$ cat protein26.csv   # CSV, C-alpha atoms and all ligand atoms
chain,number,residue,atom,x,y,z
A,958,LEU,CA,64.2,49.2,-1.8
A,959,SER,CA,64.2,45.5,-2.3
A,960,ASP,CA,61.8,42.6,-2.5
A,961,GLY,CA,59.3,41.3,0.1
A,962,LEU,CA,62.1,39.6,1.9
A,963,ASN,CA,64.1,42.8,2.2
A,964,ARG,CA,66.7,41.6,-0.3
A,965,LEU,CA,68.2,44.2,-2.5
A,966,ARG,CA,67.6,43.8,-6.2
A,967,VAL,CA,70.8,43.3,-8.2
A,968,GLY,CA,71.7,43.4,-11.9
A,969,LEU,CA,74.9,41.9,-13.2
A,970,ILE,CA,76.6,43.4,-16.3
A,971,GLY,CA,79.2,41.0,-17.8
A,972,ILE,CA,78.5,37.2,-17.4
A,973,GLY,CA,81.9,35.9,-18.4
A,974,GLY,CA,84.2,33.9,-16.2
A,975,VAL,CA,83.9,36.0,-13.1
A,976,GLY,CA,80.3,37.0,-13.7
A,977,ARG,CA,79.2,33.4,-13.5
A,978,LEU,CA,81.0,33.1,-10.2
A,979,HIS,CA,79.4,36.2,-8.8
A,980,LEU,CA,76.0,34.7,-9.8
A,981,GLU,CA,76.8,31.4,-8.2
A,982,ALA,CA,78.0,32.9,-5.0
A,983,TYR,CA,75.1,35.4,-4.7
A,984,ARG,CA,72.6,32.4,-4.5
A,985,ARG,CA,73.7,32.0,-0.9
A,986,SER,CA,73.1,35.6,0.0
A,987,ALA,CA,70.3,36.6,2.3
A,988,ALA,CA,70.9,40.3,1.5
A,989,VAL,CA,70.5,40.3,-2.3
A,990,GLU,CA,68.7,38.7,-5.2
A,991,VAL,CA,69.9,38.7,-8.8
A,992,VAL,CA,66.9,39.8,-10.8
A,993,ALA,CA,68.6,40.8,-14.1
A,994,LEU,CA,71.6,39.7,-16.2
A,995,CYS,CA,73.2,41.6,-19.0
A,996,ASP,CA,75.9,40.5,-21.4
A,997,ALA,CA,76.7,41.6,-25.0
A,998,ASP,CA,76.8,37.9,-25.9
A,999,PRO,CA,73.1,36.6,-26.0
A,1000,LYS,CA,74.1,33.0,-25.7
A,1001,ARG,CA,76.1,33.6,-22.5
A,1002,VAL,CA,73.3,35.6,-20.9
A,1003,ALA,CA,70.6,33.0,-21.8
A,1004,GLU,CA,72.7,30.1,-20.5
A,1005,ALA,CA,73.2,31.9,-17.2
A,1006,ALA,CA,69.6,33.0,-16.9
A,1007,ALA,CA,68.4,29.4,-17.4
A,1008,THR,CA,70.1,28.6,-14.0
A,1009,CYS,CA,68.4,31.4,-12.1
A,1010,GLY,CA,65.3,32.8,-13.9
A,1011,ALA,CA,66.6,36.4,-13.9
A,1012,ALA,CA,65.5,38.7,-16.8
A,1013,THR,CA,68.1,38.9,-19.6
A,1014,TYR,CA,69.5,41.9,-21.6
A,1015,THR,CA,72.2,42.3,-24.2
A,1016,ASP,CA,72.7,46.0,-23.5
A,1017,HIS,CA,72.8,47.7,-20.1
A,1018,GLN,CA,70.7,50.7,-21.1
A,1019,SER,CA,67.7,48.4,-21.8
A,1020,MET,CA,68.3,46.7,-18.4
A,1021,LEU,CA,68.4,50.1,-16.6
A,1022,ALA,CA,65.3,51.3,-18.4
A,1023,ALA,CA,63.2,48.2,-17.7
A,1024,GLU,CA,64.3,47.2,-14.2
A,1025,SER,CA,64.1,48.8,-10.8
A,1026,LEU,CA,67.5,47.9,-9.3
A,1027,ASP,CA,69.3,48.7,-6.0
A,1028,ILE,CA,72.8,47.6,-7.1
A,1029,VAL,CA,74.5,47.0,-10.4
A,1030,CYS,CA,77.7,44.9,-10.5
A,1031,ILE,CA,80.0,45.8,-13.4
A,1032,LEU,CA,81.9,42.6,-14.3
A,1033,THR,CA,82.8,43.4,-17.9
A,1034,PRO,CA,86.5,43.9,-19.0
A,1035,PRO,CA,88.2,47.0,-17.5
A,1036,ALA,CA,88.3,48.9,-20.8
A,1037,SER,CA,84.5,48.8,-21.2
A,1038,ARG,CA,83.6,50.2,-17.8
A,1039,LEU,CA,83.8,54.0,-17.9
A,1040,ARG,CA,80.8,54.3,-20.2
A,1041,ILE,CA,78.8,51.8,-18.2
A,1042,VAL,CA,79.5,53.6,-14.9
A,1043,ALA,CA,78.4,56.9,-16.5
A,1044,ASP,CA,75.0,55.3,-17.6
A,1045,VAL,CA,74.4,53.4,-14.3
A,1046,ALA,CA,75.2,56.6,-12.3
A,1047,SER,CA,72.8,58.6,-14.4
A,1048,ALA,CA,70.1,55.9,-13.6
A,1049,GLY,CA,70.8,56.5,-9.9
A,1050,VAL,CA,71.8,52.9,-9.1
A,1051,ALA,CA,74.6,52.0,-6.6
A,1052,ILE,CA,77.6,50.3,-8.3
A,1053,LEU,CA,80.0,47.5,-7.3
A,1054,ILE,CA,82.8,47.4,-9.7
A,1055,GLU,CA,85.4,44.6,-10.4
A,1056,LYS,CA,89.1,45.1,-10.2
A,1057,PRO,CA,91.1,46.8,-11.6
A,1058,MET,CA,88.6,49.6,-11.6
A,1059,ALA,CA,89.7,51.0,-15.0
A,1060,THR,CA,92.8,50.9,-17.2
A,1061,THR,CA,94.0,54.3,-16.1
A,1062,ARG,CA,93.9,56.3,-12.8
A,1063,ALA,CA,92.3,59.2,-14.8
A,1064,ASP,CA,89.3,57.0,-15.8
A,1065,ALA,CA,88.9,55.7,-12.3
A,1066,GLU,CA,88.8,59.3,-10.9
A,1067,GLU,CA,86.3,60.2,-13.6
A,1068,MET,CA,84.1,57.3,-12.4
A,1069,ARG,CA,84.3,58.6,-8.8
A,1070,ARG,CA,83.4,62.1,-10.0
A,1071,LEU,CA,80.4,60.8,-12.0
A,1072,CYS,CA,79.1,58.8,-9.0
A,1073,ASP,CA,79.7,61.6,-6.6
A,1074,ASP,CA,77.8,64.1,-8.9
A,1075,ALA,CA,74.9,61.7,-9.2
A,1076,GLY,CA,74.9,60.9,-5.5
A,1077,VAL,CA,75.5,57.3,-6.3
A,1078,THR,CA,77.5,54.8,-4.1
A,1079,LEU,CA,80.5,53.3,-5.8
A,1080,GLY,CA,82.0,50.1,-4.2
A,1081,TYR,CA,85.3,48.6,-5.3
A,1082,GLY,CA,85.7,44.8,-5.6
A,1083,ALA,CA,88.8,44.2,-3.5
A,1084,SER,CA,87.5,40.7,-3.2
A,1085,TYR,CA,90.7,39.3,-1.5
A,1086,ARG,CA,89.8,41.2,1.6
A,1087,HIS,CA,86.7,39.0,1.9
A,1088,LEU,CA,88.6,35.7,1.8
A,1089,PRO,CA,88.5,34.0,5.2
A,1090,ALA,CA,92.3,33.3,5.3
A,1091,LEU,CA,93.1,37.0,4.6
A,1092,LYS,CA,90.5,38.3,7.0
A,1093,HIS,CA,91.8,36.1,9.8
A,1094,ALA,CA,95.4,37.2,9.0
A,1095,HIS,CA,94.3,40.8,9.2
A,1096,ASP,CA,92.7,40.2,12.6
A,1097,LEU,CA,95.8,38.5,13.9
A,1098,ILE,CA,98.0,41.4,12.7
A,1099,VAL,CA,95.7,44.0,14.3
A,1100,THR,CA,95.9,42.2,17.6
A,1101,GLY,CA,99.7,42.2,17.5
A,1102,ALA,CA,100.3,38.5,16.9
A,1103,ILE,CA,103.3,39.0,14.6
A,1104,GLY,CA,104.4,42.4,16.0
A,1105,ASP,CA,105.2,45.2,13.5
A,1106,VAL,CA,104.8,44.1,9.9
A,1107,ILE,CA,108.1,44.6,8.1
A,1108,LEU,CA,107.8,42.6,4.9
A,1109,LEU,CA,105.0,41.2,2.6
A,1110,ARG,CA,105.6,39.1,-0.5
A,1111,GLU,CA,103.7,37.1,-3.1
A,1112,ASP,CA,104.8,35.7,-6.5
A,1113,PHE,CA,103.6,33.5,-9.3
A,1114,ILE,CA,106.4,31.9,-11.2
A,1115,GLY,CA,105.8,28.9,-13.4
A,1116,GLY,CA,104.5,27.7,-16.7
A,1117,ARG,CA,105.9,25.5,-19.4
A,1118,GLY,CA,108.4,27.8,-21.1
A,1119,PRO,CA,107.9,31.0,-23.0
A,1120,ALA,CA,105.0,29.6,-25.1
A,1121,SER,CA,102.8,29.4,-22.0
A,1122,ARG,CA,102.7,33.2,-21.7
A,1123,THR,CA,99.3,34.4,-22.8
A,1124,ALA,CA,98.5,38.1,-23.0
A,1125,LEU,CA,95.1,39.4,-22.0
A,1126,PRO,CA,93.3,40.7,-25.0
A,1127,PRO,CA,93.1,44.3,-26.1
A,1128,TRP,CA,89.4,44.5,-25.4
A,1129,HIS,CA,90.4,44.0,-21.7
A,1130,TYR,CA,93.5,46.2,-21.8
A,1131,PRO,CA,93.9,48.5,-24.9
A,1132,ALA,CA,97.3,48.3,-26.7
A,1133,GLY,CA,100.0,50.6,-25.3
A,1134,GLY,CA,98.4,50.8,-21.8
A,1135,ILE,CA,98.8,48.6,-18.8
A,1136,GLY,CA,98.4,45.0,-19.6
A,1137,GLY,CA,100.1,41.6,-19.5
A,1138,THR,CA,98.9,38.1,-18.5
A,1139,GLY,CA,96.1,36.9,-16.2
A,1140,MET,CA,98.6,36.1,-13.4
A,1141,GLY,CA,100.6,39.4,-13.9
A,1142,LEU,CA,100.8,42.7,-12.0
A,1143,VAL,CA,97.7,44.4,-13.5
A,1144,ASP,CA,95.1,41.7,-13.4
A,1145,HIS,CA,96.2,39.7,-10.4
A,1146,GLY,CA,98.9,41.9,-8.6
A,1147,VAL,CA,96.3,44.6,-8.2
A,1148,HIS,CA,94.7,42.5,-5.5
A,1149,LEU,CA,98.0,42.3,-3.6
A,1150,ILE,CA,98.7,46.0,-3.9
A,1151,ASP,CA,95.5,46.6,-2.1
A,1152,ALA,CA,95.9,43.7,0.3
A,1153,PHE,CA,99.4,44.6,1.4
A,1154,ALA,CA,98.4,48.1,2.4
A,1155,TRP,CA,95.3,46.7,4.2
A,1156,LEU,CA,97.2,44.0,6.0
A,1157,ALA,CA,100.1,46.3,7.1
A,1158,GLY,CA,97.6,49.1,8.0
A,1159,SER,CA,99.7,51.6,6.0
A,1160,PRO,CA,99.4,53.1,2.5
A,1161,VAL,CA,101.9,52.6,-0.2
A,1162,ALA,CA,104.3,55.6,-0.2
A,1163,TRP,CA,106.6,54.7,-3.1
A,1164,ALA,CA,106.9,52.0,-5.8
A,1165,SER,CA,109.4,50.7,-8.2
A,1166,GLY,CA,109.4,47.9,-10.8
A,1167,ARG,CA,108.2,47.1,-14.3
A,1168,GLY,CA,105.0,45.9,-15.9
A,1169,ASN,CA,104.1,44.6,-19.4
A,1170,ARG,CA,102.2,46.9,-21.8
A,1171,SER,CA,99.3,45.5,-23.7
A,1172,GLY,CA,100.5,44.5,-27.2
A,1173,ASP,CA,104.2,44.4,-26.3
A,1174,ALA,CA,106.4,41.2,-25.9
A,1175,LEU,CA,105.8,39.8,-22.4
A,1176,GLU,CA,108.6,39.8,-19.9
A,1177,THR,CA,109.0,39.2,-16.1
A,1178,GLU,CA,107.1,41.7,-14.0
A,1179,TYR,CA,108.1,42.8,-10.6
A,1180,ALA,CA,107.4,45.5,-8.0
A,1181,VAL,CA,108.8,46.7,-4.7
A,1182,LEU,CA,106.3,48.8,-2.7
A,1183,GLY,CA,107.5,51.1,0.1
A,1184,LEU,CA,104.7,51.4,2.7
A,1185,ALA,CA,104.5,54.6,4.8
A,1186,ASN,CA,105.3,52.6,8.0
A,1187,GLY,CA,108.6,51.5,6.5
A,1188,ALA,CA,107.6,47.9,5.5
A,1189,THR,CA,108.2,46.8,2.0
A,1190,GLY,CA,106.0,44.7,-0.3
A,1191,HIS,CA,107.5,42.4,-3.0
A,1192,LEU,CA,105.8,41.0,-6.1
A,1193,ILE,CA,107.2,38.9,-8.9
A,1194,TYR,CA,105.2,37.5,-11.9
A,1195,GLU,CA,106.5,35.2,-14.7
A,1196,ASP,CA,104.4,32.5,-16.3
A,1197,GLY,CA,106.7,31.7,-19.2
A,1198,THR,CA,109.3,29.6,-17.4
A,1199,TRP,CA,109.1,26.4,-15.3
A,1200,PRO,CA,108.2,26.0,-11.6
A,1201,THR,CA,110.8,25.1,-9.0
A,1202,GLN,CA,108.4,23.4,-6.6
A,1203,LEU,CA,109.5,19.9,-5.6
A,1204,PRO,CA,107.3,16.8,-5.6
A,1205,GLY,CA,105.4,16.7,-2.3
A,1206,GLU,CA,105.2,20.4,-1.9
A,1207,GLY,CA,101.8,21.9,-2.1
A,1208,GLN,CA,98.5,22.2,-0.2
A,1209,PHE,CA,95.0,20.7,-0.4
A,1210,SER,CA,92.8,23.5,-1.8
A,1211,TRP,CA,89.4,23.9,-0.2
A,1212,GLY,CA,88.5,26.9,-2.3
A,1213,ALA,CA,88.2,27.7,-6.0
A,1214,SER,CA,91.3,29.4,-7.5
A,1215,TRP,CA,92.9,30.8,-10.6
A,1216,ASP,CA,96.3,30.3,-12.1
A,1217,GLN,CA,97.6,30.5,-15.6
A,1218,ASP,CA,95.8,27.3,-16.5
A,1219,GLY,CA,92.5,28.9,-15.7
A,1220,TYR,CA,89.9,28.3,-13.0
A,1221,HIS,CA,90.0,25.4,-10.6
A,1222,PRO,CA,86.9,24.5,-8.6
A,1223,GLY,CA,88.6,23.6,-5.3
A,1224,GLY,CA,88.5,20.3,-3.4
A,1225,MET,CA,91.7,19.1,-4.8
A,1226,TRP,CA,95.5,18.9,-4.2
A,1227,GLN,CA,97.4,21.8,-5.7
A,1228,ALA,CA,101.1,21.6,-6.3
A,1229,HIS,CA,101.6,25.3,-6.0
A,1230,PRO,CA,98.6,27.2,-4.7
A,1231,GLY,CA,98.8,30.9,-4.3
A,1232,SER,CA,100.0,32.2,-1.0
A,1233,ILE,CA,100.9,35.4,0.7
A,1234,HIS,CA,103.8,35.8,3.2
A,1235,VAL,CA,103.7,38.4,5.9
A,1236,HIS,CA,106.7,38.8,8.1
A,1237,GLY,CA,106.7,40.8,11.4
A,1238,THR,CA,109.0,41.6,14.3
A,1239,ARG,CA,107.5,38.8,16.4
A,1240,GLY,CA,106.2,36.2,13.9
A,1241,ALA,CA,105.2,35.5,10.4
A,1242,LEU,CA,102.0,34.4,8.5
A,1243,ARG,CA,101.6,32.2,5.5
A,1244,ILE,CA,98.2,32.8,3.9
A,1245,PHE,CA,96.8,30.3,1.4
A,1246,HIS,CA,94.1,32.7,0.3
A,1247,TYR,CA,92.3,30.4,-2.1
A,1248,ALA,CA,93.3,27.0,-0.6
A,1249,HIS,CA,91.7,28.4,2.6
A,1250,ALA,CA,94.5,27.7,5.1
A,1251,LEU,CA,96.5,30.0,7.4
A,1252,TYR,CA,99.8,29.2,9.3
A,1253,LEU,CA,101.4,31.3,12.1
A,1254,THR,CA,105.1,30.9,13.0
A,1255,ASP,CA,106.7,32.6,16.0
A,1256,ALA,CA,109.0,31.7,18.9
A,1257,GLU,CA,106.6,28.9,19.8
A,1258,GLY,CA,106.8,27.2,16.5
A,1259,THR,CA,104.5,26.8,13.5
A,1260,ARG,CA,100.8,26.0,13.8
A,1261,GLN,CA,97.7,26.1,11.6
A,1262,ILE,CA,95.1,28.6,12.5
A,1263,ALA,CA,91.4,27.5,12.2
A,1264,LEU,CA,89.3,29.6,9.9
A,1265,GLU,CA,85.7,30.7,10.0
A,1266,GLY,CA,83.6,31.1,6.9
A,1267,ASP,CA,83.6,29.3,3.6
A,1268,PRO,CA,86.3,29.5,0.9
A,1269,ALA,CA,86.2,31.0,-2.6
A,1270,PRO,CA,83.9,31.7,-4.4
A,1271,ASP,CA,81.9,32.5,-1.2
A,1272,HIS,CA,84.0,35.6,-0.8
A,1273,PHE,CA,82.0,37.2,-3.6
A,1274,ARG,CA,78.9,36.6,-1.4
A,1275,ALA,CA,80.6,38.1,1.6
A,1276,GLN,CA,81.6,41.1,-0.6
A,1277,ILE,CA,78.1,41.8,-1.9
A,1278,ASP,CA,76.6,41.2,1.6
A,1279,ALA,CA,79.0,43.8,3.2
A,1280,PHE,CA,78.2,46.3,0.4
A,1281,ALA,CA,74.4,45.7,0.7
A,1282,ALA,CA,74.5,46.1,4.5
A,1283,GLU,CA,76.4,49.5,4.2
A,1284,LEU,CA,73.9,50.7,1.5
A,1285,MET,CA,70.9,49.7,3.8
A,1286,ASP,CA,72.6,51.7,6.6
A,1287,ASN,CA,73.3,54.7,4.4
A,1288,MET,CA,77.0,54.3,5.1
A,1289,SER,CA,79.9,55.0,2.7
A,1290,PRO,CA,81.4,51.7,1.5
A,1291,THR,CA,84.4,50.5,3.6
A,1292,ILE,CA,86.0,49.6,0.2
A,1293,GLY,CA,85.1,52.4,-2.1
A,1294,ALA,CA,86.4,54.2,-5.2
A,1295,ASP,CA,89.4,55.5,-3.2
A,1296,ALA,CA,90.8,52.0,-2.8
A,1297,GLY,CA,90.4,51.3,-6.5
A,1298,ILE,CA,92.1,54.6,-7.4
A,1299,ALA,CA,94.9,54.0,-4.9
A,1300,ALA,CA,95.7,50.6,-6.5
A,1301,LEU,CA,95.8,52.1,-10.0
A,1302,THR,CA,98.0,55.0,-8.7
A,1303,VAL,CA,100.5,52.4,-7.5
A,1304,LEU,CA,100.3,50.4,-10.7
A,1305,GLU,CA,101.0,53.6,-12.8
A,1306,ALA,CA,103.9,54.4,-10.5
A,1307,ILE,CA,105.4,50.9,-11.1
A,1308,TYR,CA,105.0,51.4,-14.9
A,1309,ALA,CA,106.5,54.9,-14.7
A,1310,SER,CA,109.4,53.9,-12.5
A,1311,ALA,CA,111.6,52.0,-14.9
A,1312,GLY,CA,113.3,50.6,-11.9
A,1313,ARG,CA,113.6,53.9,-9.9
A,1314,ASN,CA,111.6,54.6,-6.7
A,1315,VAL,CA,108.7,56.9,-7.5
A,1316,ALA,CA,106.8,58.7,-4.7
A,1317,ILE,CA,103.1,58.1,-4.6
A,1318,GLU,CA,100.9,61.2,-4.3
A,1319,ALA,CA,98.2,60.5,-1.7
B,1401,LIG,N1,87.9,39.5,-8.2
B,1401,LIG,C1,88.5,38.5,-8.8
B,1401,LIG,O1,89.2,37.7,-8.2
B,1401,LIG,C2,88.4,38.4,-10.3
B,1401,LIG,C3,88.6,37.1,-10.9
B,1401,LIG,C4,88.5,37.0,-12.3
B,1401,LIG,C5,88.3,38.2,-13.1
B,1401,LIG,N2,88.1,39.4,-12.4
B,1401,LIG,C6,87.9,40.6,-13.2
B,1401,LIG,O2,86.6,40.6,-13.8
B,1401,LIG,C7,86.6,41.2,-15.1
B,1401,LIG,C8,86.0,40.3,-16.2
B,1401,LIG,O3,86.8,39.2,-16.2
B,1401,LIG,P1,86.3,37.8,-16.9
B,1401,LIG,O4,87.4,36.8,-16.8
B,1401,LIG,O5,85.0,37.5,-16.5
B,1401,LIG,O6,86.2,38.3,-18.5
B,1401,LIG,P2,85.5,37.5,-19.7
B,1401,LIG,O7,86.1,38.0,-20.9
B,1401,LIG,O8,85.4,36.1,-19.4
B,1401,LIG,O9,84.0,38.1,-19.5
B,1401,LIG,C9,83.6,39.4,-19.8
B,1401,LIG,C10,82.2,39.4,-20.3
B,1401,LIG,O10,81.8,40.8,-20.4
B,1401,LIG,C11,80.9,40.8,-21.6
B,1401,LIG,N3,81.0,42.2,-22.1
B,1401,LIG,C12,82.0,42.9,-22.6
B,1401,LIG,N4,81.6,44.2,-22.8
B,1401,LIG,C13,80.3,44.3,-22.5
B,1401,LIG,C14,79.4,45.4,-22.5
B,1401,LIG,N5,79.7,46.6,-22.9
B,1401,LIG,N6,78.1,45.1,-22.1
B,1401,LIG,C15,77.8,43.9,-21.6
B,1401,LIG,N7,78.6,42.8,-21.6
B,1401,LIG,C16,79.9,43.0,-22.0
B,1401,LIG,C17,81.6,39.8,-22.6
B,1401,LIG,O11,80.6,39.4,-23.6
B,1401,LIG,C18,82.0,38.7,-21.6
B,1401,LIG,O12,80.9,37.7,-21.5
B,1401,LIG,C19,88.1,41.6,-15.3
B,1401,LIG,O13,88.3,42.9,-15.0
B,1401,LIG,C20,88.8,40.7,-14.4
B,1401,LIG,O14,90.0,41.3,-13.9
B,1401,LIG,C21,88.1,39.5,-11.1
$ encode --input "protein26.csv" --output "structure tokens" --more "lines below"
Ligand SMILES: NC(=O)c1ccc[n+]([C@@H]2O[C@H](COP(=O)([O-])OP(=O)(O)OC[C@H]3O[C@@H](n4cnc5c(N)ncnc54)[C@H](O)[C@@H]3O)[C@@H](O)[C@H]2O)c1
Amino acid sequence: LSDGLNRLRVGLIGIGGVGRLHLEAYRRSAAVEVVALCDADPKRVAEAAATCGAATYTDHQSMLAAESLDIVCILTPPASRLRIVADVASAGVAILIEKPMATTRADAEEMRRLCDDAGVTLGYGASYRHLPALKHAHDLIVTGAIGDVILLREDFIGGRGPASRTALPPWHYPAGGIGGTGMGLVDHGVHLIDAFAWLAGSPVAWASGRGNRSGDALETEYAVLGLANGATGHLIYEDGTWPTQLPGEGQFSWGASWDQDGYHPGGMWQAHPGSIHVHGTRGALRIFHYAHALYLTDAEGTRQIALEGDPAPDHFRAQIDAFAAELMDNMSPTIGADAGIAALTVLEAIYASAGRNVAIEA
């Protein structure tokens, strides 16, 4: 294992928008070193390698044959990943995979089977759980600061009319399957489906709502999630209308973030930064997950809670460090294939529900 400094040797497959962020964040890791980069686009991989000196490849099989790796991060579009997982598992290398794990629950289960059969560890990139504002919110909930969680909600509603809806391409989500926009249920809401169950400490028991299919006309997406403990989670996504935020509303964002206009580096005022609301029997939390701020309201009033750790994209460093530490200790990953499969199971239930409540098989 590892280099002379005991850092695990990492290869990245897929150096697009998120791949470049993983690369940037991993520079601050004491646990891993990126030694190989692979992207089907030779220009992209060469540009990224120029900043770090890693070896470059345009197909993952050549990378696996030439390099001795401890971890491969799969950062390509969801539709491309099953074949890559099969090849990396055959090579016996641990995998950290981006969200959503696959475009169907069946493919994600096949990934888990391939890795189990090969004795390979498969970690799932539920990166929101590594954002300091969410981590601290989770700690507060566990210590009873807001009592029993009864309601969780998040939405993204805005844009500049119907023309601002942009569908993710079919090479990310094949036509006819789950799909939609970058700030919709599948590509963004999948984080919240995972985070709601984690924050409330209870799995999703039923789901209802509707999501866009790849290739179809885009409409408003929504979901109501029934957690096993009786709490409900609420998601609404629409980026083809106009925002209702008023001038003066907003938050200074310390962290990098995404919205329908793309990636923002942080260190700027944001008129409507993403936030998650968690309501309990004794208080409520407002979590600005990328803006890196957390507020608690209870009978004593509203106060800001100080956060430890650095904002996005440092959560990708925290994520790989946690995964690397578990690998070094021969532990199963805290966030493994089961979490990725659970999120896809809920997504498929939302799609299947057509507005009815659909029970989730555990
Ligand atoms: N965790 C997060 O917060 C977060 C944020 C953004 C994106 N993502 C996820 O990351 C994934 C990638 O998103 P993106 O925005 O970087 O996409 P992108 O289209 O910008 O980049 C994908 C890259 O993969 C490469 N690629 C495709 N197939 C390949 C193959 N078979 N072998 C090698 N390279 C291949 C492409 O050339 C491209 O450079 C998506 O699943 C997305 O949901 C996660």
$ residues_near_ligand --input "protein26.csv" --ligand "ligand LIG 1401 (chain B)" --cutoff "6 Å" --atoms "only C-alpha atoms and all ligand atoms" --output "PyMOL selection string"
chain A and resi 970-976+995-998+1016+1032-1035+1037+1055-1057+1084+1144
$ write_last_selection --input "protein26.csv" --atoms "C-alpha atoms" --output "compact mmCIF listing (two decimals), in the coordinates of the input"
# COMPACT_ATOMS: atom_id res chain seq x y z
CA ILE A 970 76.60 43.40 -16.30
CA GLY A 971 79.20 41.00 -17.80
CA ILE A 972 78.50 37.20 -17.40
CA GLY A 973 81.90 35.90 -18.40
CA GLY A 974 84.20 33.90 -16.20
CA VAL A 975 83.90 36.00 -13.10
CA GLY A 976 80.30 37.00 -13.70
CA CYS A 995 73.20 41.60 -19.00
CA ASP A 996 75.90 40.50 -21.40
CA ALA A 997 76.70 41.60 -25.00
CA ASP A 998 76.80 37.90 -25.90
CA ASP A 1016 72.70 46.00 -23.50
CA LEU A 1032 81.90 42.60 -14.30
CA THR A 1033 82.80 43.40 -17.90
CA PRO A 1034 86.50 43.90 -19.00
CA PRO A 1035 88.20 47.00 -17.50
CA SER A 1037 84.50 48.80 -21.20
CA GLU A 1055 85.40 44.60 -10.40
CA LYS A 1056 89.10 45.10 -10.20
CA PRO A 1057 91.10 46.80 -11.60
CA SER A 1084 87.50 40.70 -3.20
CA ASP A 1144 95.10 41.70 -13.40
$ closest_residue --input "protein26.csv" --among "A:Ala1043, A:Asp1064, A:Asp1267, A:Leu1091" --to "Asp1151 (chain A)" --atoms "only C-alpha atoms"
A:Leu1091
$ residues_around --input "protein26.csv" --residues "region 1280-1297 of chain A" --least-positions-apart "5" --cutoff "6 Å" --atoms "only C-alpha atoms" --output "list of chain:residue names"
A:Met1058, A:Leu1079, A:Gly1080, A:Tyr1081
$ residues_near_point --input "protein26.csv" --point "(101.1, 24.0, -6.7)" --cutoff "8 Å" --atoms "all atoms listed in the file" --output "number ranges by chain"
A: 1202, 1206-1208, 1226-1231
$ write_last_selection --input "protein26.csv" --atoms "C-alpha atoms" --output "short mmCIF file (atom, residue, chain, number, x, y, z; two decimals), in the coordinates of the input"
data_model
loop_
_atom_site.label_atom_id
_atom_site.label_comp_id
_atom_site.auth_asym_id
_atom_site.auth_seq_id
_atom_site.Cartn_x
_atom_site.Cartn_y
_atom_site.Cartn_z
CA GLN A 1202 108.40 23.40 -6.60
CA GLU A 1206 105.20 20.40 -1.90
CA GLY A 1207 101.80 21.90 -2.10
CA GLN A 1208 98.50 22.20 -0.20
CA TRP A 1226 95.50 18.90 -4.20
CA GLN A 1227 97.40 21.80 -5.70
CA ALA A 1228 101.10 21.60 -6.30
CA HIS A 1229 101.60 25.30 -6.00
CA PRO A 1230 98.60 27.20 -4.70
CA GLY A 1231 98.80 30.90 -4.30
#
$ atom_distance --input "protein26.csv" --atom1 "CA of Gly1101 (chain A)" --atom2 "CA of Arg1239 (chain A)"
8.6 Å
$ atom_distance --input "protein26.csv" --atom1 "CA of Asp1112 (chain A)" --atom2 "CA of His1148 (chain A)"
12.2 Å
$ atom_distance --input "protein26.csv" --atom1 "CA of Gly1266 (chain A)" --atom2 "CA of Ile1098 (chain A)"
18.6 Å
$ axis_aligned_box --input "protein26.csv" --around "region 1153-1159 of chain A" --padding-each-side "8 Å" --output "JSON"
{"center_x": 97.7, "center_y": 47.8, "center_z": 4.7, "size_x": 20.8, "size_y": 23.6, "size_z": 22.6}
$ closest_residue --input "protein26.csv" --among "A:Leu1192, A:Leu1088, A:Ile1150, A:Leu1175" --to "Ser1121 (chain A)" --atoms "only C-alpha atoms"
A:Leu1175
$ closest_residue --input "protein26.csv" --among "A:Ala1180, A:Ala1309, A:Ala1213, A:Ala1279" --to "Ala1248 (chain A)" --atoms "all atoms listed in the file"
A:Ala1213
$ residues_around --input "protein26.csv" --residues "Ala1306 (chain A)" --least-positions-apart "5" --cutoff "8 Å" --atoms "only C-alpha atoms" --output "list in words"
Trp1163, Ala1164, Ser1165, Val1315, Ala1316 and Ile1317 of chain A
$ closest_residue --input "protein26.csv" --among "A:Ser1232, A:Thr1078, A:Gln1217, A:Ser1025" --to "Thr1198 (chain A)" --atoms "only C-alpha atoms"
A:Gln1217
$ residues_around --input "protein26.csv" --residues "Trp1215 (chain A)" --least-positions-apart "4" --cutoff "10 Å" --atoms "only C-alpha atoms" --output "MDAnalysis selection string"
chainID A and resid 1139:1140 1145 1219:1223 1230:1231 1247
$ write_last_selection --input "protein26.csv" --atoms "C-alpha atoms" --output "short mmCIF file (atom, residue, chain, number, x, y, z; two decimals), in the coordinates of the input"
data_model
loop_
_atom_site.label_atom_id
_atom_site.label_comp_id
_atom_site.auth_asym_id
_atom_site.auth_seq_id
_atom_site.Cartn_x
_atom_site.Cartn_y
_atom_site.Cartn_z
CA GLY A 1139 96.10 36.90 -16.20
CA MET A 1140 98.60 36.10 -13.40
CA HIS A 1145 96.20 39.70 -10.40
CA GLY A 1219 92.50 28.90 -15.70
CA TYR A 1220 89.90 28.30 -13.00
CA HIS A 1221 90.00 25.40 -10.60
CA PRO A 1222 86.90 24.50 -8.60
CA GLY A 1223 88.60 23.60 -5.30
CA PRO A 1230 98.60 27.20 -4.70
CA GLY A 1231 98.80 30.90 -4.30
CA TYR A 1247 92.30 30.40 -2.10
#
$ residues_near_point --input "protein26.csv" --point "(85.0, 59.6, -17.0)" --cutoff "12 Å" --atoms "all atoms listed in the file" --output "ChimeraX atom specification"
/A:1036-1044,1046,1058-1074
$ residues_around --input "protein26.csv" --residues "Val1106 (chain A)" --least-positions-apart "5" --cutoff "8 Å" --atoms "only C-alpha atoms" --output "list in words"
Ile1098, Ala1157, Ala1188, Val1235, His1236, Gly1237 and Thr1238 of chain A
